[in-house]
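Peer 1: After the structure tokens below, expect a handful of questions from me.
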Amino acid sequence: TPLHCAAICGHINVIKFLHERGANINARTSHGHLPLHLAVMNGHFEAEVVRALINRGADLNCAGRFGDTPLMYAAWKGQWQLVKVLLNAGADPH
């Protein structure tokens with residue numbers, strides 16, 4: 001979706017704009033990934049991109065098709081700032 005594309009590219013203003021116009025913040029790709037997964041997976045490690053999605057209701061614990069969560073991707077990529085942001089927002093550490 002356009003929201004997934006904005007998350008991949010880290011375009012916070014586009015994320016906000018699309019959500020204000022009814023874009024589903026928890027829409028899934030064919031692999032079960034939310035925009036939040038894609039923001040973490042695709043190198044947009046700025047916490048503000050992730051916070052923008054979380055503040056709009058992104059499901060922190062949503063698992064993709066293979067059980068992969070945004071927190072798992074942040075840890076796998078060594079992005080400790082994002083790990084902290086996700087945990088502080090309520091992501092399940094288990």
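In the structure tokens, chains take letters A, B, ... by order of appearance, with residues numbered from 1 within each chain and ligands from 1 in the order shown.
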If you run DSSP on this backbone, which residues of chain A come out as helix (DSSP H, G or I), and could you give them as number ranges by chain?
Peer 2: A: 2-9, 12-20, 35-41, 47-55, 70-76, 80-88
Peer 1: Hey, what's within 10 Å of Ala6 in chain A if we count only C-alpha atoms and toss same-chain stuff fewer than 2 positions away? As a list of chain:residue names, please?
Peer 2: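 The contact residues come out as A:Thr1, A:Pro2, A:Leu3, A:His4, A:Ile8, A:Cys9, A:Gly10, A:His11, A:Ile12, A:Asn13, A:Val14, A:Ile15, A:Lys16, A:Leu18, A:Pro35, A:Leu38, A:Ala39, A:Val49.
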Peer 1: Take the residues from that selection and write them out as a PDB file, in the first residue's frame, keeping C-alpha atoms.
Peer 2:
ATOM      1  CA  THR A   1       0.000   0.000   0.000  1.00  0.00           C
ATOM      2  CA  PRO A   2       1.140   3.622  -0.183  1.00  0.00           C
ATOM      3  CA  LEU A   3       1.500   3.550   3.611  1.00  0.00           C
ATOM      4  CA  HIS A   4       3.894   0.608   3.370  1.00  0.00           C
ATOM      5  CA  ILE A   8       9.924   1.764   3.779  1.00  0.00           C
ATOM      6  CA  CYS A   9      11.236   5.189   2.745  1.00  0.00           C
ATOM      7  CA  GLY A  10      10.883   6.760   6.185  1.00  0.00           C
ATOM      8  CA  HIS A  11       8.570   9.565   5.050  1.00  0.00           C
ATOM      9  CA  ILE A  12       6.983  10.637   8.331  1.00  0.00           C
ATOM     10  CA  ASN A  13       4.838  13.384   6.808  1.00  0.00           C
ATOM     11  CA  VAL A  14       3.417  10.981   4.231  1.00  0.00           C
ATOM     12  CA  ILE A  15       2.681   8.426   6.975  1.00  0.00           C
ATOM     13  CA  LYS A  16       0.779  11.100   8.918  1.00  0.00           C
ATOM     14  CA  LEU A  18      -2.161   8.901   4.688  1.00  0.00           C
ATOM     15  CA  PRO A  35       4.260  -0.703   7.904  1.00  0.00           C
ATOM     16  CA  LEU A  38       8.974  -2.399   7.070  1.00  0.00           C
ATOM     17  CA  ALA A  39      10.173   0.782   8.763  1.00  0.00           C
ATOM     18  CA  VAL A  49       9.509   7.067  11.989  1.00  0.00           C
TER      19      VAL A  49
END
Peer 1: For Ala63 in chain A, work out the shell of residues within 10 Å, counting only C-alpha atoms and skipping chain neighbours fewer than 4 positions away, then give it as a PyMOL selection string.
Peer 2: chain A and resi 31-34+37+59+67-72
Peer 1: So how far away is CA of Asn24 in chain A from CA of Arg56 in chain A, in Å?
Peer 2: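 According to the coordinates, CA of Arg56 in chain A and CA of Asn24 in chain A are separated by 9.7 Å.
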Peer 1: Smallest atom-to-atom distance to Tyr73 in chain A: which of A:Met41, A:Thr29, A:Val50, A:Cys5, using only C-alpha atoms?
Peer 2: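 Closest residue, counting only C-alpha atoms: A:Met41.
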Peer 1: For the atom pair CA of Trp80 in chain A and CA of Arg51 in chain A, what is the interatomic distance in Å to one decimal place?
Peer 2: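 So the two atoms, CA of Trp80 in chain A and CA of Arg51 in chain A, lie 14.4 Å apart.
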